[in-house]
file query39.pdb (PDB, C-alpha atoms)
ATOM      1  CA  MET A  26     -18.861 134.035 168.361  1.00  0.00           C
ATOM      2  CA  ILE A  27     -20.977 131.466 166.492  1.00  0.00           C
ATOM      3  CA  VAL A  28     -21.464 133.865 163.576  1.00  0.00           C
ATOM      4  CA  ARG A  29     -17.724 134.571 163.419  1.00  0.00           C
ATOM      5  CA  SER A  30     -16.939 130.840 163.599  1.00  0.00           C
ATOM      6  CA  ARG A  31     -19.457 130.088 160.855  1.00  0.00           C
ATOM      7  CA  ARG A  32     -18.032 132.869 158.688  1.00  0.00           C
ATOM      8  CA  ARG A  33     -14.521 131.591 159.308  1.00  0.00           C
ATOM      9  CA  TRP A  34     -15.500 128.089 158.157  1.00  0.00           C
ATOM     10  CA  LEU A  35     -17.327 129.387 155.108  1.00  0.00           C
ATOM     11  CA  THR A  36     -14.294 131.474 154.228  1.00  0.00           C
ATOM     12  CA  LEU A  37     -12.030 128.510 154.916  1.00  0.00           C
ATOM     13  CA  GLY A  38     -14.121 126.405 152.566  1.00  0.00           C
ATOM     14  CA  LEU A  39     -13.854 129.104 149.916  1.00  0.00           C
ATOM     15  CA  VAL A  40     -10.148 129.330 150.306  1.00  0.00           C
ATOM     16  CA  LEU A  41      -9.665 125.611 150.125  1.00  0.00           C
ATOM     17  CA  ALA A  42     -11.871 125.343 147.125  1.00  0.00           C
ATOM     18  CA  VAL A  43      -9.894 128.049 145.400  1.00  0.00           C
ATOM     19  CA  ALA A  44      -6.631 126.603 146.479  1.00  0.00           C
ATOM     20  CA  ALA A  45      -7.432 123.019 145.801  1.00  0.00           C
ATOM     21  CA  CYS A  46      -9.626 123.270 142.781  1.00  0.00           C
ATOM     22  CA  ALA A  47      -8.721 126.428 140.971  1.00  0.00           C
ATOM     23  CA  GLN A  48      -7.838 126.067 137.344  1.00  0.00           C
ATOM     24  CA  VAL A  49      -4.225 126.140 136.502  1.00  0.00           C
ATOM     25  CA  PRO A  50      -2.747 125.447 133.138  1.00  0.00           C
ATOM     26  CA  HIS A  51      -2.846 121.673 132.779  1.00  0.00           C
ATOM     27  CA  ALA A  52      -1.303 119.550 130.155  1.00  0.00           C
ATOM     28  CA  PRO A  53      -3.615 119.569 127.155  1.00  0.00           C
ATOM     29  CA  SER A  54      -6.101 116.732 127.037  1.00  0.00           C
ATOM     30  CA  ALA A  55      -6.159 114.222 124.205  1.00  0.00           C
ATOM     31  CA  THR A  56      -8.146 116.828 122.249  1.00  0.00           C
ATOM     32  CA  GLY A  57      -5.527 119.516 122.930  1.00  0.00           C
ATOM     33  CA  ILE A  58      -7.919 121.579 125.104  1.00  0.00           C
ATOM     34  CA  VAL A  59      -6.676 122.987 128.429  1.00  0.00           C
ATOM     35  CA  ARG A  60      -9.338 122.978 131.173  1.00  0.00           C
ATOM     36  CA  THR A  61     -10.261 126.337 132.683  1.00  0.00           C
ATOM     37  CA  GLN A  62     -13.295 125.263 134.708  1.00  0.00           C
ATOM     38  CA  TRP A  63     -13.692 122.813 137.577  1.00  0.00           C
ATOM     39  CA  SER A  64     -16.675 121.772 139.615  1.00  0.00           C
ATOM     40  CA  GLY A  65     -17.341 119.173 142.258  1.00  0.00           C
ATOM     41  CA  ARG A  66     -17.418 118.774 146.021  1.00  0.00           C
ATOM     42  CA  LEU A  67     -14.888 119.532 148.692  1.00  0.00           C
ATOM     43  CA  ALA A  68     -14.651 118.489 152.312  1.00  0.00           C
ATOM     44  CA  LEU A  69     -12.325 119.914 154.927  1.00  0.00           C
ATOM     45  CA  ARG A  70     -11.527 118.661 158.417  1.00  0.00           C
ATOM     46  CA  VAL A  71      -9.396 120.620 160.876  1.00  0.00           C
ATOM     47  CA  ASP A  72      -8.339 118.746 163.992  1.00  0.00           C
ATOM     48  CA  SER A  73      -8.671 121.774 166.223  1.00  0.00           C
ATOM     49  CA  GLU A  74     -10.402 121.758 169.599  1.00  0.00           C
ATOM     50  CA  PRO A  75     -13.245 121.180 168.870  1.00  0.00           C
ATOM     51  CA  VAL A  76     -12.789 119.461 165.511  1.00  0.00           C
ATOM     52  CA  GLN A  77     -14.188 121.590 162.674  1.00  0.00           C
ATOM     53  CA  SER A  78     -15.443 120.393 159.294  1.00  0.00           C
ATOM     54  CA  PHE A  79     -16.933 121.926 156.176  1.00  0.00           C
ATOM     55  CA  SER A  80     -18.241 120.680 152.841  1.00  0.00           C
ATOM     56  CA  ALA A  81     -19.747 122.373 149.790  1.00  0.00           C
ATOM     57  CA  ALA A  82     -20.281 122.065 146.075  1.00  0.00           C
ATOM     58  CA  PHE A  83     -18.163 124.430 144.001  1.00  0.00           C
ATOM     59  CA  ASP A  84     -17.781 125.895 140.530  1.00  0.00           C
ATOM     60  CA  LEU A  85     -14.478 127.487 139.587  1.00  0.00           C
ATOM     61  CA  ARG A  86     -13.466 129.436 136.474  1.00  0.00           C
ATOM     62  CA  GLY A  87     -10.117 130.908 135.516  1.00  0.00           C
ATOM     63  CA  ASN A  88      -6.636 130.095 136.812  1.00  0.00           C
ATOM     64  CA  ALA A  89      -4.310 130.656 139.758  1.00  0.00           C
ATOM     65  CA  GLN A  90      -3.656 134.259 138.737  1.00  0.00           C
ATOM     66  CA  ALA A  91      -7.246 135.402 138.076  1.00  0.00           C
ATOM     67  CA  GLY A  92     -10.562 133.660 138.462  1.00  0.00           C
ATOM     68  CA  GLU A  93     -13.857 133.172 140.215  1.00  0.00           C
ATOM     69  CA  LEU A  94     -15.140 130.550 142.635  1.00  0.00           C
ATOM     70  CA  ALA A  95     -18.717 129.970 143.775  1.00  0.00           C
ATOM     71  CA  LEU A  96     -19.705 127.692 146.659  1.00  0.00           C
ATOM     72  CA  TYR A  97     -23.134 126.116 146.836  1.00  0.00           C
ATOM     73  CA  SER A  98     -25.287 124.537 149.510  1.00  0.00           C
ATOM     74  CA  PRO A  99     -26.630 120.991 149.072  1.00  0.00           C
ATOM     75  CA  LEU A 100     -29.836 122.576 147.721  1.00  0.00           C
ATOM     76  CA  GLY A 101     -27.910 124.584 145.129  1.00  0.00           C
ATOM     77  CA  SER A 102     -28.162 128.081 146.602  1.00  0.00           C
ATOM     78  CA  THR A 103     -25.017 130.214 146.413  1.00  0.00           C
ATOM     79  CA  LEU A 104     -23.250 130.383 149.763  1.00  0.00           C
ATOM     80  CA  ALA A 105     -20.396 132.606 148.654  1.00  0.00           C
ATOM     81  CA  ARG A 106     -18.446 133.846 145.665  1.00  0.00           C
ATOM     82  CA  MET A 107     -14.783 134.747 145.492  1.00  0.00           C
ATOM     83  CA  THR A 108     -12.875 136.523 142.756  1.00  0.00           C
ATOM     84  CA  TRP A 109      -9.142 137.087 142.569  1.00  0.00           C
ATOM     85  CA  ALA A 110      -6.504 138.784 140.472  1.00  0.00           C
ATOM     86  CA  PRO A 111      -2.873 139.757 141.148  1.00  0.00           C
ATOM     87  CA  GLY A 112      -2.744 141.706 144.413  1.00  0.00           C
ATOM     88  CA  ASP A 113      -6.478 141.434 145.057  1.00  0.00           C
ATOM     89  CA  ALA A 114      -8.942 138.872 146.388  1.00  0.00           C
ATOM     90  CA  LEU A 115     -12.626 139.555 147.052  1.00  0.00           C
ATOM     91  CA  LEU A 116     -15.057 137.528 149.087  1.00  0.00           C
ATOM     92  CA  PHE A 117     -18.777 138.054 148.552  1.00  0.00           C
ATOM     93  CA  TRP A 118     -20.742 136.451 151.369  1.00  0.00           C
ATOM     94  CA  SER A 119     -24.142 137.108 152.916  1.00  0.00           C
ATOM     95  CA  GLY A 120     -24.536 140.411 151.090  1.00  0.00           C
ATOM     96  CA  GLN A 121     -21.128 141.662 152.192  1.00  0.00           C
ATOM     97  CA  GLN A 122     -17.819 142.099 150.404  1.00  0.00           C
ATOM     98  CA  ARG A 123     -14.362 141.706 151.953  1.00  0.00           C
ATOM     99  CA  ARG A 124     -11.146 142.614 150.168  1.00  0.00           C
ATOM    100  CA  PHE A 125      -7.717 141.046 150.690  1.00  0.00           C
ATOM    101  CA  GLY A 126      -4.367 141.821 149.083  1.00  0.00           C
ATOM    102  CA  SER A 127      -3.857 138.228 147.980  1.00  0.00           C
ATOM    103  CA  ILE A 128      -5.253 134.732 148.249  1.00  0.00           C
ATOM    104  CA  ASP A 129      -2.534 134.066 150.855  1.00  0.00           C
ATOM    105  CA  ALA A 130      -3.838 136.972 152.959  1.00  0.00           C
ATOM    106  CA  LEU A 131      -7.358 135.635 152.593  1.00  0.00           C
ATOM    107  CA  THR A 132      -6.319 132.136 153.695  1.00  0.00           C
ATOM    108  CA  ARG A 133      -4.354 133.532 156.625  1.00  0.00           C
ATOM    109  CA  GLU A 134      -7.366 135.564 157.777  1.00  0.00           C
ATOM    110  CA  ALA A 135      -9.860 132.765 157.203  1.00  0.00           C
ATOM    111  CA  THR A 136      -7.880 129.904 158.713  1.00  0.00           C
ATOM    112  CA  GLY A 137      -5.197 131.449 160.893  1.00  0.00           C
ATOM    113  CA  THR A 138      -2.529 130.026 158.573  1.00  0.00           C
ATOM    114  CA  GLU A 139      -1.517 130.270 154.940  1.00  0.00           C
ATOM    115  CA  LEU A 140      -2.595 127.350 152.798  1.00  0.00           C
ATOM    116  CA  PRO A 141      -0.286 125.817 150.159  1.00  0.00           C
ATOM    117  CA  ILE A 142      -1.919 127.479 147.171  1.00  0.00           C
ATOM    118  CA  ALA A 143       0.967 126.920 144.763  1.00  0.00           C
ATOM    119  CA  GLY A 144       1.373 123.327 145.937  1.00  0.00           C
ATOM    120  CA  LEU A 145      -2.300 122.605 145.426  1.00  0.00           C
ATOM    121  CA  PHE A 146      -2.168 123.895 141.875  1.00  0.00           C
ATOM    122  CA  GLU A 147       0.818 121.672 141.208  1.00  0.00           C
ATOM    123  CA  TRP A 148      -0.978 118.658 142.702  1.00  0.00           C
ATOM    124  CA  LEU A 149      -4.047 119.248 140.554  1.00  0.00           C
ATOM    125  CA  SER A 150      -1.830 119.318 137.487  1.00  0.00           C
ATOM    126  CA  GLY A 151      -0.515 115.891 138.513  1.00  0.00           C
ATOM    127  CA  LYS A 152       2.849 117.009 139.893  1.00  0.00           C
ATOM    128  CA  ALA A 153       3.849 115.488 143.247  1.00  0.00           C
ATOM    129  CA  THR A 154       5.393 118.750 144.443  1.00  0.00           C
ATOM    130  CA  GLN A 155       6.800 118.910 147.974  1.00  0.00           C
ATOM    131  CA  THR A 156       5.022 121.570 150.033  1.00  0.00           C
ATOM    132  CA  GLU A 157       6.203 122.310 153.570  1.00  0.00           C
ATOM    133  CA  GLY A 158       4.019 120.545 156.139  1.00  0.00           C
ATOM    134  CA  TRP A 159       1.646 119.086 153.512  1.00  0.00           C
ATOM    135  CA  SER A 160       1.394 115.856 151.583  1.00  0.00           C
ATOM    136  CA  ALA A 161      -0.956 114.970 148.769  1.00  0.00           C
ATOM    137  CA  ASP A 162      -2.203 111.635 147.494  1.00  0.00           C
ATOM    138  CA  LEU A 163      -2.405 111.953 143.706  1.00  0.00           C
ATOM    139  CA  SER A 164      -3.037 108.255 143.085  1.00  0.00           C
ATOM    140  CA  LYS A 165      -6.731 108.820 142.245  1.00  0.00           C
ATOM    141  CA  LEU A 166      -6.424 112.191 140.511  1.00  0.00           C
ATOM    142  CA  ALA A 167      -7.269 110.589 137.150  1.00  0.00           C
ATOM    143  CA  ASP A 168     -10.558 109.517 138.768  1.00  0.00           C
ATOM    144  CA  GLY A 169     -11.209 113.076 139.956  1.00  0.00           C
ATOM    145  CA  LYS A 170     -10.166 112.554 143.583  1.00  0.00           C
ATOM    146  CA  LEU A 171      -7.483 114.361 145.542  1.00  0.00           C
ATOM    147  CA  VAL A 172      -6.642 114.109 149.238  1.00  0.00           C
ATOM    148  CA  ALA A 173      -4.194 116.500 150.882  1.00  0.00           C
ATOM    149  CA  GLN A 174      -3.106 116.508 154.510  1.00  0.00           C
ATOM    150  CA  ARG A 175      -1.233 118.955 156.663  1.00  0.00           C
ATOM    151  CA  VAL A 176       0.529 117.613 159.722  1.00  0.00           C
ATOM    152  CA  HIS A 177       2.751 120.592 160.493  1.00  0.00           C
ATOM    153  CA  PRO A 178       2.104 123.147 161.869  1.00  0.00           C
ATOM    154  CA  ALA A 179      -0.746 122.011 164.105  1.00  0.00           C
ATOM    155  CA  PRO A 180      -3.644 121.601 163.911  1.00  0.00           C
ATOM    156  CA  ALA A 181      -3.706 118.769 161.387  1.00  0.00           C
ATOM    157  CA  VAL A 182      -5.877 119.397 158.313  1.00  0.00           C
ATOM    158  CA  GLU A 183      -7.384 116.974 155.808  1.00  0.00           C
ATOM    159  CA  MET A 184      -8.886 118.146 152.552  1.00  0.00           C
ATOM    160  CA  ARG A 185     -10.766 115.866 150.163  1.00  0.00           C
ATOM    161  CA  LEU A 186     -11.854 116.845 146.663  1.00  0.00           C
ATOM    162  CA  ILE A 187     -14.130 115.054 144.256  1.00  0.00           C
ATOM    163  CA  LEU A 188     -14.122 116.668 140.835  1.00  0.00           C
ATOM    164  CA  ASP A 189     -16.993 116.356 138.371  1.00  0.00           C
TER     165      ASP A 189
END
call {"tool": "encode", "arguments": {"input": "query39.pdb", "output": "structure tokens"}}
result
Amino acid sequence: MIVRSRRRWLTLGLVLAVAACAQVPHAPSATGIVRTQWSGRLALRVDSEPVQSFSAAFDLRGNAQAGELALYSPLGSTLARMTWAPGDALLFWSGQQRRFGSIDALTREATGTELPIAGLFEWLSGKATQTEGWSADLSKLADGKLVAQRVHPAPAVEMRLILD
């Protein structure tokens, strides 16, 4: 049970990192360059019984349709890697590979619920998009910080991102 719980939280962290930090087409910067890579730290808290939390460093390349995400321990070793493309999502963890039909299927398996992938991409691009059950604080996005919370359905979830 502990191994399954640990795997679930690692997968949950992967999913959230992908969902919350994945590259989507952003408005061009002052130089006209669109970012396609993100890195930083993420923290997740799920108010389940007992409360669960996860944090990791991440490196993400690509966009919402196709990309790759790596999660790292505090010492820099790779915890997991995830790749995705239309109709396919792969999780590489602890020498094993798991395949899912979509990122939504992966999030549902990993967390027991679908995460607001499209909403998260919108939030990262600076759009205060309404996403059922979720709210996002974009006030510090220019400083590389994003906080999103889910209040419905239970359990409540808080996700914090700090982008490099």
call {"tool": "resolve_selection", "arguments": {"input": "query39.pdb", "expression": "the PyMOL selection byres ((chain A and resi 125) around 7)", "output": "list in words"}}
result
Asp113, Ala114, Leu115, Arg123, Arg124, Gly126, Ser127, Ala130 and Leu131 of chain A
call {"tool": "resolve_selection", "arguments": {"input": "query39.pdb", "expression": "the PyMOL selection byres ((chain A and resi 65) around 10)", "output": "list in words"}}
result
Ala42, Cys46, Trp63, Ser64, Arg66, Leu67, Ala81, Ala82, Phe83, Asp84, Leu85, Leu96, Gly169, Lys170, Leu186, Ile187, Leu188 and Asp189 of chain A
call {"tool": "closest_residue", "arguments": {"input": "query39.pdb", "among": "A:Thr156, A:Gln62, A:Ser78, A:Ser73", "to": "Met184 of chain A", "atoms": "only C-alpha atoms"}}
result
A:Ser78
call {"tool": "atom_distance", "arguments": {"input": "query39.pdb", "atom1": "atom CA of Glu147 of chain A", "atom2": "atom CA of Ser164 of chain A"}}
result
14.1 Å
call {"tool": "closest_residue", "arguments": {"input": "query39.pdb", "among": "A:Ile128, A:Gln77, A:Gly151, A:Gln121", "to": "Gly92 of chain A", "atoms": "only C-alpha atoms"}}
result
A:Ile128
call {"tool": "atom_distance", "arguments": {"input": "query39.pdb", "atom1": "atom CA of Gln155 of chain A", "atom2": "atom CA of Pro180 of chain A"}}
result
19.2 Å
call {"tool": "closest_residue", "arguments": {"input": "query39.pdb", "among": "A:Ser102, A:Asp129, A:Val172, A:Ala110", "to": "Leu149 of chain A", "atoms": "all atoms listed in the file"}}
result
A:Val172
call {"tool": "atom_distance", "arguments": {"input": "query39.pdb", "atom1": "atom CA of Glu157 of chain A", "atom2": "atom CA of Met107 of chain A"}}
result
25.7 Å
call {"tool": "build_atoms", "arguments": {"input": "query39.pdb", "residues": "segment 175-186 of chain A", "atoms": "all heavy atoms", "output": "CSV table (one decimal), in the frame of the given file"}}
result
chain,number,residue,atom,x,y,z
A,175,ARG,N,-2.3,118.2,156.0
A,175,ARG,CA,-1.2,119.0,156.7
A,175,ARG,C,-1.0,118.4,158.1
A,175,ARG,O,-2.0,118.2,158.8
A,175,ARG,CB,-1.6,120.4,156.8
A,175,ARG,CG,-0.5,121.3,157.4
A,175,ARG,CD,-0.9,122.7,157.6
A,175,ARG,NE,-1.7,122.7,158.8
A,175,ARG,CZ,-2.4,123.8,159.2
A,175,ARG,NH1,-2.5,124.9,158.4
A,175,ARG,NH2,-3.2,123.8,160.3
A,176,VAL,N,0.2,118.1,158.4
A,176,VAL,CA,0.5,117.6,159.7
A,176,VAL,C,1.3,118.6,160.5
A,176,VAL,O,1.4,118.6,161.7
A,176,VAL,CB,1.3,116.3,159.7
A,176,VAL,CG1,0.4,115.2,159.1
A,176,VAL,CG2,2.6,116.4,158.8
A,177,HIS,N,2.0,119.6,159.8
A,177,HIS,CA,2.8,120.6,160.5
A,177,HIS,C,2.6,121.9,159.8
A,177,HIS,O,2.6,121.9,158.6
A,177,HIS,CB,4.2,120.2,160.5
A,177,HIS,CG,5.1,121.2,161.1
A,177,HIS,ND1,5.1,121.4,162.5
A,177,HIS,CD2,6.0,122.1,160.6
A,177,HIS,CE1,6.0,122.4,162.8
A,177,HIS,NE2,6.5,122.8,161.6
A,178,PRO,N,2.3,123.0,160.4
A,178,PRO,CA,2.1,123.1,161.9
A,178,PRO,C,0.7,122.7,162.3
A,178,PRO,O,-0.2,122.6,161.4
A,178,PRO,CB,2.3,124.6,162.1
A,178,PRO,CG,1.8,125.3,160.8
A,178,PRO,CD,2.3,124.3,159.7
A,179,ALA,N,0.5,122.4,163.6
A,179,ALA,CA,-0.7,122.0,164.1
A,179,ALA,C,-1.7,123.2,164.0
A,179,ALA,O,-1.3,124.3,163.9
A,179,ALA,CB,-0.6,121.6,165.6
A,180,PRO,N,-3.0,122.9,163.9
A,180,PRO,CA,-3.6,121.6,163.9
A,180,PRO,C,-3.6,120.9,162.6
A,180,PRO,O,-3.4,121.5,161.5
A,180,PRO,CB,-5.1,121.9,164.3
A,180,PRO,CG,-5.3,123.3,163.7
A,180,PRO,CD,-4.0,124.0,163.8
A,181,ALA,N,-3.7,119.6,162.6
A,181,ALA,CA,-3.7,118.8,161.4
A,181,ALA,C,-4.9,119.1,160.6
A,181,ALA,O,-6.0,119.5,161.1
A,181,ALA,CB,-3.7,117.3,161.7
A,182,VAL,N,-4.8,119.1,159.2
A,182,VAL,CA,-5.9,119.4,158.3
A,182,VAL,C,-6.0,118.3,157.3
A,182,VAL,O,-4.9,117.8,156.8
A,182,VAL,CB,-5.6,120.8,157.6
A,182,VAL,CG1,-6.7,121.1,156.6
A,182,VAL,CG2,-5.5,121.9,158.6
A,183,GLU,N,-7.2,117.9,156.9
A,183,GLU,CA,-7.4,117.0,155.8
A,183,GLU,C,-8.4,117.6,154.9
A,183,GLU,O,-9.4,118.1,155.3
A,183,GLU,CB,-7.9,115.6,156.3
A,183,GLU,CG,-8.1,114.7,155.1
A,183,GLU,CD,-8.7,113.3,155.5
A,183,GLU,OE1,-9.8,113.3,155.9
A,183,GLU,OE2,-7.9,112.4,155.5
A,184,MET,N,-8.0,117.6,153.6
A,184,MET,CA,-8.9,118.1,152.6
A,184,MET,C,-9.1,117.1,151.5
A,184,MET,O,-8.2,116.5,151.0
A,184,MET,CB,-8.2,119.4,151.9
A,184,MET,CG,-9.0,120.0,150.8
A,184,MET,SD,-8.3,121.5,150.2
A,184,MET,CE,-6.6,120.9,149.8
A,185,ARG,N,-10.4,116.9,151.2
A,185,ARG,CA,-10.8,115.9,150.2
A,185,ARG,C,-11.5,116.6,149.1
A,185,ARG,O,-12.4,117.3,149.4
A,185,ARG,CB,-11.6,114.8,150.8
A,185,ARG,CG,-10.9,113.9,151.8
A,185,ARG,CD,-11.8,112.8,152.3
A,185,ARG,NE,-11.0,112.0,153.2
A,185,ARG,CZ,-10.4,110.9,152.7
A,185,ARG,NH1,-10.4,110.5,151.5
A,185,ARG,NH2,-9.7,110.1,153.6
A,186,LEU,N,-11.2,116.3,147.8
A,186,LEU,CA,-11.9,116.8,146.7
A,186,LEU,C,-12.4,115.7,145.8
A,186,LEU,O,-11.7,114.7,145.6
A,186,LEU,CB,-10.9,117.7,145.8
A,186,LEU,CG,-10.3,118.9,146.5
A,186,LEU,CD1,-9.2,119.5,145.7
A,186,LEU,CD2,-11.3,119.9,146.8
